[in-house]
Structures are given as C-alpha cells and as structure tokens.
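Raw coords06.pdb, PDB, C-alpha atoms:
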```pdb
ATOM      1  CA  GLU Z  17    -105.848 234.727  48.601  1.00  0.00           C
ATOM      2  CA  ARG Z  18    -108.428 231.956  48.258  1.00  0.00           C
ATOM      3  CA  ALA Z  19    -105.853 229.321  49.278  1.00  0.00           C
ATOM      4  CA  SER Z  20    -104.915 231.327  52.379  1.00  0.00           C
ATOM      5  CA  ALA Z  21    -108.560 231.576  53.375  1.00  0.00           C
ATOM      6  CA  VAL Z  22    -109.132 227.837  52.947  1.00  0.00           C
ATOM      7  CA  LEU Z  23    -105.946 226.945  54.846  1.00  0.00           C
ATOM      8  CA  ASN Z  24    -106.992 229.314  57.593  1.00  0.00           C
ATOM      9  CA  VAL Z  25    -110.330 227.563  58.117  1.00  0.00           C
ATOM     10  CA  ILE Z  26    -108.602 224.158  58.117  1.00  0.00           C
ATOM     11  CA  ALA Z  27    -106.157 225.460  60.753  1.00  0.00           C
ATOM     12  CA  ILE Z  28    -109.084 226.601  62.915  1.00  0.00           C
ATOM     13  CA  VAL Z  29    -110.747 223.179  62.640  1.00  0.00           C
ATOM     14  CA  VAL Z  30    -107.531 221.338  63.538  1.00  0.00           C
ATOM     15  CA  SER Z  31    -106.854 223.651  66.471  1.00  0.00           C
ATOM     16  CA  LEU Z  32    -110.380 223.266  67.830  1.00  0.00           C
ATOM     17  CA  LEU Z  33    -110.011 219.494  67.690  1.00  0.00           C
ATOM     18  CA  VAL Z  34    -106.748 219.680  69.645  1.00  0.00           C
ATOM     19  CA  LEU Z  35    -108.323 221.994  72.216  1.00  0.00           C
ATOM     20  CA  TRP Z  36    -111.355 219.776  72.614  1.00  0.00           C
ATOM     21  CA  LYS Z  37    -109.028 217.129  73.991  1.00  0.00           C
ATOM     22  CA  ASP Z  38    -106.242 219.171  75.675  1.00  0.00           C
ATOM     23  CA  HIS Z  39    -107.762 222.547  76.654  1.00  0.00           C
ATOM     24  CA  ARG Z  40    -106.662 222.191  80.290  1.00  0.00           C
ATOM     25  CA  TYR Z  41    -102.994 222.412  79.267  1.00  0.00           C
ATOM     26  CA  VAL Z  42    -103.197 225.934  77.813  1.00  0.00           C
ATOM     27  CA  GLN Z  43    -100.580 228.210  79.386  1.00  0.00           C
ATOM     28  CA  TRP Z  44    -102.596 231.422  79.625  1.00  0.00           C
ATOM     29  CA  LYS Z  45     -99.757 233.841  80.468  1.00  0.00           C
ATOM     30  CA  GLU Z  46     -97.728 232.796  77.431  1.00  0.00           C
ATOM     31  CA  LEU Z  47    -100.876 232.734  75.304  1.00  0.00           C
ATOM     32  CA  LEU Z  48    -101.631 236.366  76.159  1.00  0.00           C
ATOM     33  CA  LYS Z  49     -98.073 237.484  75.328  1.00  0.00           C
ATOM     34  CA  ILE Z  50     -98.080 235.600  72.017  1.00  0.00           C
ATOM     35  CA  VAL Z  51    -101.540 236.751  70.951  1.00  0.00           C
ATOM     36  CA  LEU Z  52    -100.921 240.426  71.702  1.00  0.00           C
ATOM     37  CA  LEU Z  53     -97.600 240.534  69.853  1.00  0.00           C
ATOM     38  CA  MET Z  54     -98.851 238.483  66.925  1.00  0.00           C
ATOM     39  CA  LEU Z  55    -102.028 240.571  66.599  1.00  0.00           C
ATOM     40  CA  ALA Z  56     -99.918 243.696  66.314  1.00  0.00           C
ATOM     41  CA  GLY Z  57     -97.739 241.960  63.721  1.00  0.00           C
ATOM     42  CA  MET Z  58    -100.767 240.666  61.812  1.00  0.00           C
ATOM     43  CA  GLY Z  59    -102.050 244.213  61.486  1.00  0.00           C
ATOM     44  CA  VAL Z  60     -98.756 245.168  59.850  1.00  0.00           C
ATOM     45  CA  GLY Z  61     -98.856 242.061  57.640  1.00  0.00           C
ATOM     46  CA  ILE Z  62    -102.414 242.709  56.449  1.00  0.00           C
ATOM     47  CA  TYR Z  63    -101.515 246.322  55.733  1.00  0.00           C
ATOM     48  CA  LEU Z  64     -98.432 245.283  53.735  1.00  0.00           C
ATOM     49  CA  LEU Z  65    -100.487 242.757  51.796  1.00  0.00           C
ATOM     50  CA  ASN Z  66    -102.824 245.560  50.741  1.00  0.00           C
ATOM     51  CA  VAL Z  67    -100.147 248.086  49.710  1.00  0.00           C
ATOM     52  CA  VAL Z  68     -97.197 246.019  48.435  1.00  0.00           C
ATOM     53  CA  PRO Z  69     -97.511 243.721  45.416  1.00  0.00           C
ATOM     54  CA  THR Z  70     -97.975 240.133  46.606  1.00  0.00           C
ATOM     55  CA  GLN Z  71     -95.142 238.827  44.437  1.00  0.00           C
ATOM     56  CA  ILE Z  72     -92.628 241.144  46.119  1.00  0.00           C
ATOM     57  CA  LEU Z  73     -93.795 239.984  49.558  1.00  0.00           C
ATOM     58  CA  GLN Z  74     -93.535 236.346  48.456  1.00  0.00           C
ATOM     59  CA  TYR Z  75     -89.960 236.868  47.252  1.00  0.00           C
ATOM     60  CA  CYS Z  76     -89.040 238.536  50.545  1.00  0.00           C
ATOM     61  CA  TYR Z  77     -90.611 235.695  52.522  1.00  0.00           C
ATOM     62  CA  ALA Z  78     -88.857 233.076  50.367  1.00  0.00           C
ATOM     63  CA  GLY Z  79     -85.527 234.851  50.890  1.00  0.00           C
ATOM     64  CA  PHE Z  80     -86.118 234.911  54.633  1.00  0.00           C
ATOM     65  CA  ILE Z  81     -86.858 231.164  54.676  1.00  0.00           C
ATOM     66  CA  ILE Z  82     -83.716 230.475  52.617  1.00  0.00           C
ATOM     67  CA  LEU Z  83     -81.602 232.488  55.072  1.00  0.00           C
ATOM     68  CA  ILE Z  84     -82.976 230.495  58.008  1.00  0.00           C
ATOM     69  CA  ALA Z  85     -82.308 227.232  56.150  1.00  0.00           C
ATOM     70  CA  LEU Z  86     -78.736 228.297  55.350  1.00  0.00           C
ATOM     71  CA  LYS Z  87     -78.172 229.197  58.991  1.00  0.00           C
ATOM     72  CA  LYS Z  88     -79.387 225.748  60.030  1.00  0.00           C
ATOM     73  CA  ILE Z  89     -77.132 224.062  57.451  1.00  0.00           C
ATOM     74  CA  PHE Z  90     -73.932 225.977  58.158  1.00  0.00           C
ATOM     75  CA  ILE Z  91     -74.270 226.964  61.821  1.00  0.00           C
ATOM     76  CA  LYS Z  92     -74.994 223.799  63.759  1.00  0.00           C
ATOM     77  CA  ARG Z  93     -74.845 225.118  67.293  1.00  0.00           C
ATOM     78  CA  GLU Z  94     -77.856 226.817  68.788  1.00  0.00           C
ATOM     79  CA  ILE Z  95     -77.442 230.499  69.474  1.00  0.00           C
ATOM     80  CA  ARG Z  96     -78.840 231.853  72.757  1.00  0.00           C
ATOM     81  CA  VAL Z  97     -81.150 234.701  71.779  1.00  0.00           C
ATOM     82  CA  PRO Z  98     -82.000 237.528  74.228  1.00  0.00           C
ATOM     83  CA  GLY Z  99     -85.611 237.804  75.401  1.00  0.00           C
ATOM     84  CA  VAL Z 100     -86.223 241.092  73.583  1.00  0.00           C
ATOM     85  CA  ILE Z 101     -85.197 239.496  70.291  1.00  0.00           C
ATOM     86  CA  MET Z 102     -87.548 236.586  70.983  1.00  0.00           C
ATOM     87  CA  LEU Z 103     -90.406 239.069  71.427  1.00  0.00           C
ATOM     88  CA  LEU Z 104     -89.500 240.560  68.040  1.00  0.00           C
ATOM     89  CA  VAL Z 105     -89.622 237.044  66.606  1.00  0.00           C
ATOM     90  CA  ILE Z 106     -93.228 236.731  67.827  1.00  0.00           C
ATOM     91  CA  PHE Z 107     -94.059 240.104  66.233  1.00  0.00           C
ATOM     92  CA  ALA Z 108     -92.425 239.004  62.956  1.00  0.00           C
ATOM     93  CA  ALA Z 109     -94.411 235.756  63.116  1.00  0.00           C
ATOM     94  CA  GLY Z 110     -97.533 237.904  63.282  1.00  0.00           C
ATOM     95  CA  ILE Z 111     -96.493 239.904  60.215  1.00  0.00           C
ATOM     96  CA  ILE Z 112     -95.925 236.737  58.199  1.00  0.00           C
ATOM     97  CA  HIS Z 113     -99.136 235.220  59.497  1.00  0.00           C
ATOM     98  CA  GLY Z 114    -101.089 238.308  58.497  1.00  0.00           C
ATOM     99  CA  MET Z 115     -99.698 238.105  54.970  1.00  0.00           C
ATOM    100  CA  PHE Z 116     -99.559 234.376  54.251  1.00  0.00           C
ATOM    101  CA  VAL Z 117    -101.219 232.489  57.163  1.00  0.00           C
ATOM    102  CA  SER Z 118     -97.861 230.826  57.827  1.00  0.00           C
ATOM    103  CA  GLY Z 119     -96.274 232.511  60.808  1.00  0.00           C
ATOM    104  CA  GLY Z 120     -96.167 229.289  62.785  1.00  0.00           C
ATOM    105  CA  SER Z 121     -92.614 228.359  61.954  1.00  0.00           C
ATOM    106  CA  LEU Z 122     -91.304 231.569  63.473  1.00  0.00           C
ATOM    107  CA  LEU Z 123     -93.595 231.302  66.471  1.00  0.00           C
ATOM    108  CA  VAL Z 124     -92.265 227.815  67.176  1.00  0.00           C
ATOM    109  CA  LEU Z 125     -88.785 229.316  67.622  1.00  0.00           C
ATOM    110  CA  TYR Z 126     -90.161 231.170  70.624  1.00  0.00           C
ATOM    111  CA  ALA Z 127     -92.639 228.593  71.908  1.00  0.00           C
ATOM    112  CA  VAL Z 128     -90.197 225.683  72.176  1.00  0.00           C
ATOM    113  CA  THR Z 129     -88.079 227.733  74.571  1.00  0.00           C
ATOM    114  CA  VAL Z 130     -90.935 228.530  76.975  1.00  0.00           C
ATOM    115  CA  LEU Z 131     -93.389 225.629  76.593  1.00  0.00           C
ATOM    116  CA  LYS Z 132     -91.300 222.607  77.563  1.00  0.00           C
ATOM    117  CA  GLU Z 133     -94.083 220.049  78.046  1.00  0.00           C
ATOM    118  CA  LYS Z 134     -95.542 218.513  74.875  1.00  0.00           C
ATOM    119  CA  LYS Z 135     -99.177 218.921  75.949  1.00  0.00           C
ATOM    120  CA  ASP Z 136     -98.615 222.527  77.097  1.00  0.00           C
ATOM    121  CA  PHE Z 137     -97.005 223.368  73.769  1.00  0.00           C
ATOM    122  CA  ARG Z 138     -99.702 221.688  71.715  1.00  0.00           C
ATOM    123  CA  ALA Z 139    -102.664 223.139  73.617  1.00  0.00           C
ATOM    124  CA  THR Z 140    -101.258 226.663  73.861  1.00  0.00           C
ATOM    125  CA  MET Z 141    -100.347 226.759  70.170  1.00  0.00           C
ATOM    126  CA  ALA Z 142    -103.820 225.453  69.271  1.00  0.00           C
ATOM    127  CA  MET Z 143    -105.418 228.256  71.276  1.00  0.00           C
ATOM    128  CA  VAL Z 144    -103.137 230.801  69.585  1.00  0.00           C
ATOM    129  CA  TRP Z 145    -104.305 229.611  66.157  1.00  0.00           C
ATOM    130  CA  VAL Z 146    -107.992 229.530  67.108  1.00  0.00           C
ATOM    131  CA  PHE Z 147    -107.827 233.101  68.313  1.00  0.00           C
ATOM    132  CA  LEU Z 148    -105.613 234.603  65.610  1.00  0.00           C
ATOM    133  CA  ASN Z 149    -107.048 232.647  62.707  1.00  0.00           C
ATOM    134  CA  SER Z 150    -110.573 233.591  63.746  1.00  0.00           C
ATOM    135  CA  MET Z 151    -109.506 237.230  63.529  1.00  0.00           C
ATOM    136  CA  LEU Z 152    -107.959 236.533  60.135  1.00  0.00           C
ATOM    137  CA  LEU Z 153    -111.137 234.757  59.030  1.00  0.00           C
ATOM    138  CA  VAL Z 154    -113.054 237.999  59.522  1.00  0.00           C
ATOM    139  CA  SER Z 155    -110.511 239.756  57.300  1.00  0.00           C
ATOM    140  CA  HIS Z 156    -110.840 237.031  54.656  1.00  0.00           C
ATOM    141  CA  ILE Z 157    -114.638 237.217  54.678  1.00  0.00           C
ATOM    142  CA  ARG Z 158    -114.542 241.019  54.357  1.00  0.00           C
ATOM    143  CA  GLY Z 159    -112.015 240.673  51.526  1.00  0.00           C
ATOM    144  CA  GLY Z 160    -114.339 238.378  49.593  1.00  0.00           C
ATOM    145  CA  TYR Z 161    -111.907 235.433  49.604  1.00  0.00           C
ATOM    146  CA  PHE Z 162    -114.703 232.889  50.033  1.00  0.00           C
ATOM    147  CA  ASP Z 163    -116.300 232.258  46.688  1.00  0.00           C
ATOM    148  CA  LEU Z 164    -118.003 229.088  45.452  1.00  0.00           C
ATOM    149  CA  GLU Z 165    -114.672 227.469  44.594  1.00  0.00           C
ATOM    150  CA  ALA Z 166    -113.254 228.148  48.072  1.00  0.00           C
ATOM    151  CA  VAL Z 167    -116.346 226.661  49.709  1.00  0.00           C
ATOM    152  CA  GLY Z 168    -116.002 223.588  47.473  1.00  0.00           C
ATOM    153  CA  LEU Z 169    -112.360 223.217  48.483  1.00  0.00           C
ATOM    154  CA  LEU Z 170    -113.348 223.429  52.135  1.00  0.00           C
ATOM    155  CA  ALA Z 171    -116.075 220.814  51.677  1.00  0.00           C
ATOM    156  CA  ALA Z 172    -113.490 218.444  50.204  1.00  0.00           C
ATOM    157  CA  ALA Z 173    -110.788 219.255  52.755  1.00  0.00           C
ATOM    158  CA  ILE Z 174    -112.760 219.011  56.005  1.00  0.00           C
ATOM    159  CA  PRO Z 175    -113.300 215.201  55.937  1.00  0.00           C
ATOM    160  CA  VAL Z 176    -109.620 214.650  55.083  1.00  0.00           C
ATOM    161  CA  THR Z 177    -108.658 217.018  57.902  1.00  0.00           C
ATOM    162  CA  LEU Z 178    -110.814 215.180  60.428  1.00  0.00           C
ATOM    163  CA  LEU Z 179    -109.311 211.830  59.408  1.00  0.00           C
ATOM    164  CA  SER Z 180    -105.783 213.276  59.553  1.00  0.00           C
ATOM    165  CA  VAL Z 181    -106.259 214.631  63.068  1.00  0.00           C
ATOM    166  CA  TRP Z 182    -107.739 211.343  64.239  1.00  0.00           C
ATOM    167  CA  LEU Z 183    -104.813 209.391  62.760  1.00  0.00           C
ATOM    168  CA  GLY Z 184    -102.256 211.916  64.047  1.00  0.00           C
ATOM    169  CA  ASN Z 185    -103.593 211.644  67.582  1.00  0.00           C
ATOM    170  CA  LYS Z 186    -102.880 207.903  67.661  1.00  0.00           C
ATOM    171  CA  PRO Z 187     -99.053 208.195  67.830  1.00  0.00           C
ATOM    172  CA  HIS Z 188     -99.278 211.449  69.819  1.00  0.00           C
ATOM    173  CA  ASP Z 189    -101.203 209.705  72.582  1.00  0.00           C
ATOM    174  CA  LYS Z 190     -98.563 206.983  72.833  1.00  0.00           C
TER
END
```
As structure tokens:
Amino acid sequence: ERASAVLNVIAIVVSLLVLWKDHRYVQWKELLKIVLLMLAGMGVGIYLLNVVPTQILQYCYAGFIILIALKKIFIKREIRVPGVIMLLVIFAAGIIHGMFVSGGSLLVLYAVTVLKEKKDFRATMAMVWVFLNSMLLVSHIRGGYFDLEAVGLLAAAIPVTLLSVWLGNKPHDK
C-alpha cells in the first residue's frame, strides 16, 4: 500500500512535467473517454482491494500478465479488436489501476490505436495520469498510506525523478 502511494505521487510529478512542456497536444475527446471509463474501473478496483485479500488479487494480476506475455510470444500477428472490446480494455485498465496503480500497460493497448502522433500520445497519457492519480491520491491519503517512511521515500525519489525526466527528454526531443 505504501509503495503504491509513493509510486502514485511520482507518476503525478512525471506527468505534470510532461504536461508543462506538451500540454497543447492533449487530445481532449479521447482524454474524456479514457478518464470516464478508467474512473469507473478504478472504483471497482478500489472496492476489490478492500474486500478481497491482496495476495489473491496479486496472483490474478500476475496470471493475467503471464497470459498476455504468452499471447505475444506464441501469436505474432496483431489481432484486430472491435471497438467495444477496446472500451472494455480501458475499463479493465481502470480496475487494475485502482488496485495496483499499474493500469497503464492495458491503457496503452487502446491509446496506441487512437493517438498516432508521439506528442499527442505523450501529452494525453500524461493528462490521464494527472487526473486519475490525483483521484487515487485522495484515496491513499484517506487510507493512511502516507506515514513517515512513505514521506522519506518520496523525499529521496523526487530528485531522482526530476533528473530522470530531464535526461529522458533529451532523446525524446531529438
């Protein structure tokens, strides 16, 4: 729980830094669709996290990741997925994000199909994470996830995060 809260704050910081530079590339229509579906999914994920033992949820998530990896290993061709299924993928990304702050990998499956330009993708995804992770931050604060140790971890991680974003922007800009 503490690790999720710390990672969440780091994700907000990184996303704000991206938006500071590329805010004009946000695709608002796609952002609205993503945020609404992921918010609904996050509600389910937060609920599940409170009623199902965390270890069971972690095993289910691990199994899901293994299935996706096996699909990528053994089925090389890309499968055209209907739009309705892609909307369910966004919802599922919200569930996983609500539980483990890691729904991004599923969301990318959707976003790469609709956000073709690199700057559009980057800015829109950054705005998604600022919005959703800020909502999750409220949940983490209410849940008491931020103790002295978590604040210490954040204090150590923020300078490294800032340096990483600065260094990462160098090749991105080229």
Checklist line | Test item: residues at most 7 Å from region 59-65 of chain Z, all atoms listed in the file, excluding those fewer than 6 positions along its chain, as a VMD selection string | finding: chain Z and resid 111 to 112 114 to 115
Give me the result of the PyMOL selection byres ((chain Z and resi 118) around 12) on this file, residue by residue, as a PDB file with C-alpha atoms, in the coordinates of the input.
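Saved file out.pdb follows:
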```pdb
ATOM      1  CA  ALA Z  19    -105.853 229.321  49.278  1.00  0.00           C
ATOM      2  CA  SER Z  20    -104.915 231.327  52.379  1.00  0.00           C
ATOM      3  CA  ALA Z  21    -108.560 231.576  53.375  1.00  0.00           C
ATOM      4  CA  LEU Z  23    -105.946 226.945  54.846  1.00  0.00           C
ATOM      5  CA  ASN Z  24    -106.992 229.314  57.593  1.00  0.00           C
ATOM      6  CA  ALA Z  27    -106.157 225.460  60.753  1.00  0.00           C
ATOM      7  CA  MET Z  54     -98.851 238.483  66.925  1.00  0.00           C
ATOM      8  CA  MET Z  58    -100.767 240.666  61.812  1.00  0.00           C
ATOM      9  CA  GLY Z  61     -98.856 242.061  57.640  1.00  0.00           C
ATOM     10  CA  GLN Z  74     -93.535 236.346  48.456  1.00  0.00           C
ATOM     11  CA  TYR Z  77     -90.611 235.695  52.522  1.00  0.00           C
ATOM     12  CA  ALA Z  78     -88.857 233.076  50.367  1.00  0.00           C
ATOM     13  CA  ILE Z  81     -86.858 231.164  54.676  1.00  0.00           C
ATOM     14  CA  ALA Z 108     -92.425 239.004  62.956  1.00  0.00           C
ATOM     15  CA  ALA Z 109     -94.411 235.756  63.116  1.00  0.00           C
ATOM     16  CA  GLY Z 110     -97.533 237.904  63.282  1.00  0.00           C
ATOM     17  CA  ILE Z 111     -96.493 239.904  60.215  1.00  0.00           C
ATOM     18  CA  ILE Z 112     -95.925 236.737  58.199  1.00  0.00           C
ATOM     19  CA  HIS Z 113     -99.136 235.220  59.497  1.00  0.00           C
ATOM     20  CA  GLY Z 114    -101.089 238.308  58.497  1.00  0.00           C
ATOM     21  CA  MET Z 115     -99.698 238.105  54.970  1.00  0.00           C
ATOM     22  CA  PHE Z 116     -99.559 234.376  54.251  1.00  0.00           C
ATOM     23  CA  VAL Z 117    -101.219 232.489  57.163  1.00  0.00           C
ATOM     24  CA  GLY Z 119     -96.274 232.511  60.808  1.00  0.00           C
ATOM     25  CA  GLY Z 120     -96.167 229.289  62.785  1.00  0.00           C
ATOM     26  CA  SER Z 121     -92.614 228.359  61.954  1.00  0.00           C
ATOM     27  CA  LEU Z 122     -91.304 231.569  63.473  1.00  0.00           C
ATOM     28  CA  LEU Z 123     -93.595 231.302  66.471  1.00  0.00           C
ATOM     29  CA  VAL Z 124     -92.265 227.815  67.176  1.00  0.00           C
ATOM     30  CA  TRP Z 145    -104.305 229.611  66.157  1.00  0.00           C
ATOM     31  CA  LEU Z 148    -105.613 234.603  65.610  1.00  0.00           C
ATOM     32  CA  ASN Z 149    -107.048 232.647  62.707  1.00  0.00           C
ATOM     33  CA  LEU Z 152    -107.959 236.533  60.135  1.00  0.00           C
TER      34      LEU Z 152
END
```
Resolved residues for the PyMOL selection byres ((chain Z and resi 136) around 12) as a PDB file with C-alpha atoms, in the frame of the given file:
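Saved the output as result.pdb:
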```
ATOM      1  CA  VAL Z  34    -106.748 219.680  69.645  1.00  0.00           C
ATOM      2  CA  LEU Z  35    -108.323 221.994  72.216  1.00  0.00           C
ATOM      3  CA  ASP Z  38    -106.242 219.171  75.675  1.00  0.00           C
ATOM      4  CA  HIS Z  39    -107.762 222.547  76.654  1.00  0.00           C
ATOM      5  CA  ARG Z  40    -106.662 222.191  80.290  1.00  0.00           C
ATOM      6  CA  TYR Z  41    -102.994 222.412  79.267  1.00  0.00           C
ATOM      7  CA  VAL Z  42    -103.197 225.934  77.813  1.00  0.00           C
ATOM      8  CA  GLN Z  43    -100.580 228.210  79.386  1.00  0.00           C
ATOM      9  CA  TRP Z  44    -102.596 231.422  79.625  1.00  0.00           C
ATOM     10  CA  LYS Z  45     -99.757 233.841  80.468  1.00  0.00           C
ATOM     11  CA  GLU Z  46     -97.728 232.796  77.431  1.00  0.00           C
ATOM     12  CA  LEU Z  47    -100.876 232.734  75.304  1.00  0.00           C
ATOM     13  CA  ALA Z 127     -92.639 228.593  71.908  1.00  0.00           C
ATOM     14  CA  VAL Z 128     -90.197 225.683  72.176  1.00  0.00           C
ATOM     15  CA  VAL Z 130     -90.935 228.530  76.975  1.00  0.00           C
ATOM     16  CA  LEU Z 131     -93.389 225.629  76.593  1.00  0.00           C
ATOM     17  CA  LYS Z 132     -91.300 222.607  77.563  1.00  0.00           C
ATOM     18  CA  GLU Z 133     -94.083 220.049  78.046  1.00  0.00           C
ATOM     19  CA  LYS Z 134     -95.542 218.513  74.875  1.00  0.00           C
ATOM     20  CA  LYS Z 135     -99.177 218.921  75.949  1.00  0.00           C
ATOM     21  CA  PHE Z 137     -97.005 223.368  73.769  1.00  0.00           C
ATOM     22  CA  ARG Z 138     -99.702 221.688  71.715  1.00  0.00           C
ATOM     23  CA  ALA Z 139    -102.664 223.139  73.617  1.00  0.00           C
ATOM     24  CA  THR Z 140    -101.258 226.663  73.861  1.00  0.00           C
ATOM     25  CA  MET Z 141    -100.347 226.759  70.170  1.00  0.00           C
ATOM     26  CA  ALA Z 142    -103.820 225.453  69.271  1.00  0.00           C
ATOM     27  CA  MET Z 143    -105.418 228.256  71.276  1.00  0.00           C
TER      28      MET Z 143
END
```
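If you measure from each of Z:Pro175, Z:Gly168, Z:Pro187, Z:Gly159 to Asn66 (chain Z) using all atoms listed in the file, the closest one turns out to be Z:Gly159.
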Check: Z:Leu153, Z:Val97, Z:Ile72, Z:Ala171: which is nearest Ile28 (chain Z), counting only C-alpha atoms?
Finding: Z:Leu153
Next item on the list: Kindly give the distance, in Å, that separates CA of Ser155 (chain Z) and CA of Ile50 (chain Z), rounded to a single decimal.
Entry: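 According to the coordinates, CA of Ser155 (chain Z) and CA of Ile50 (chain Z) are separated by 19.7 Å.
Take CA of Ile26 (chain Z) and CA of Thr177 (chain Z): the distance between them is 7.1 Å.
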Item checked: Explicit residue set for the PyMOL selection byres ((chain Z and resi 167) around 12), as a ChimeraX atom specification -> /Z:18-19,21-23,25-26,157,160-166,168-174
Item checked: Distance in Å - CA of Lys190 (chain Z) versus CA of Val144 (chain Z) ->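 About the pair CA of Lys190 (chain Z) and CA of Val144 (chain Z): they are 24.5 Å apart.
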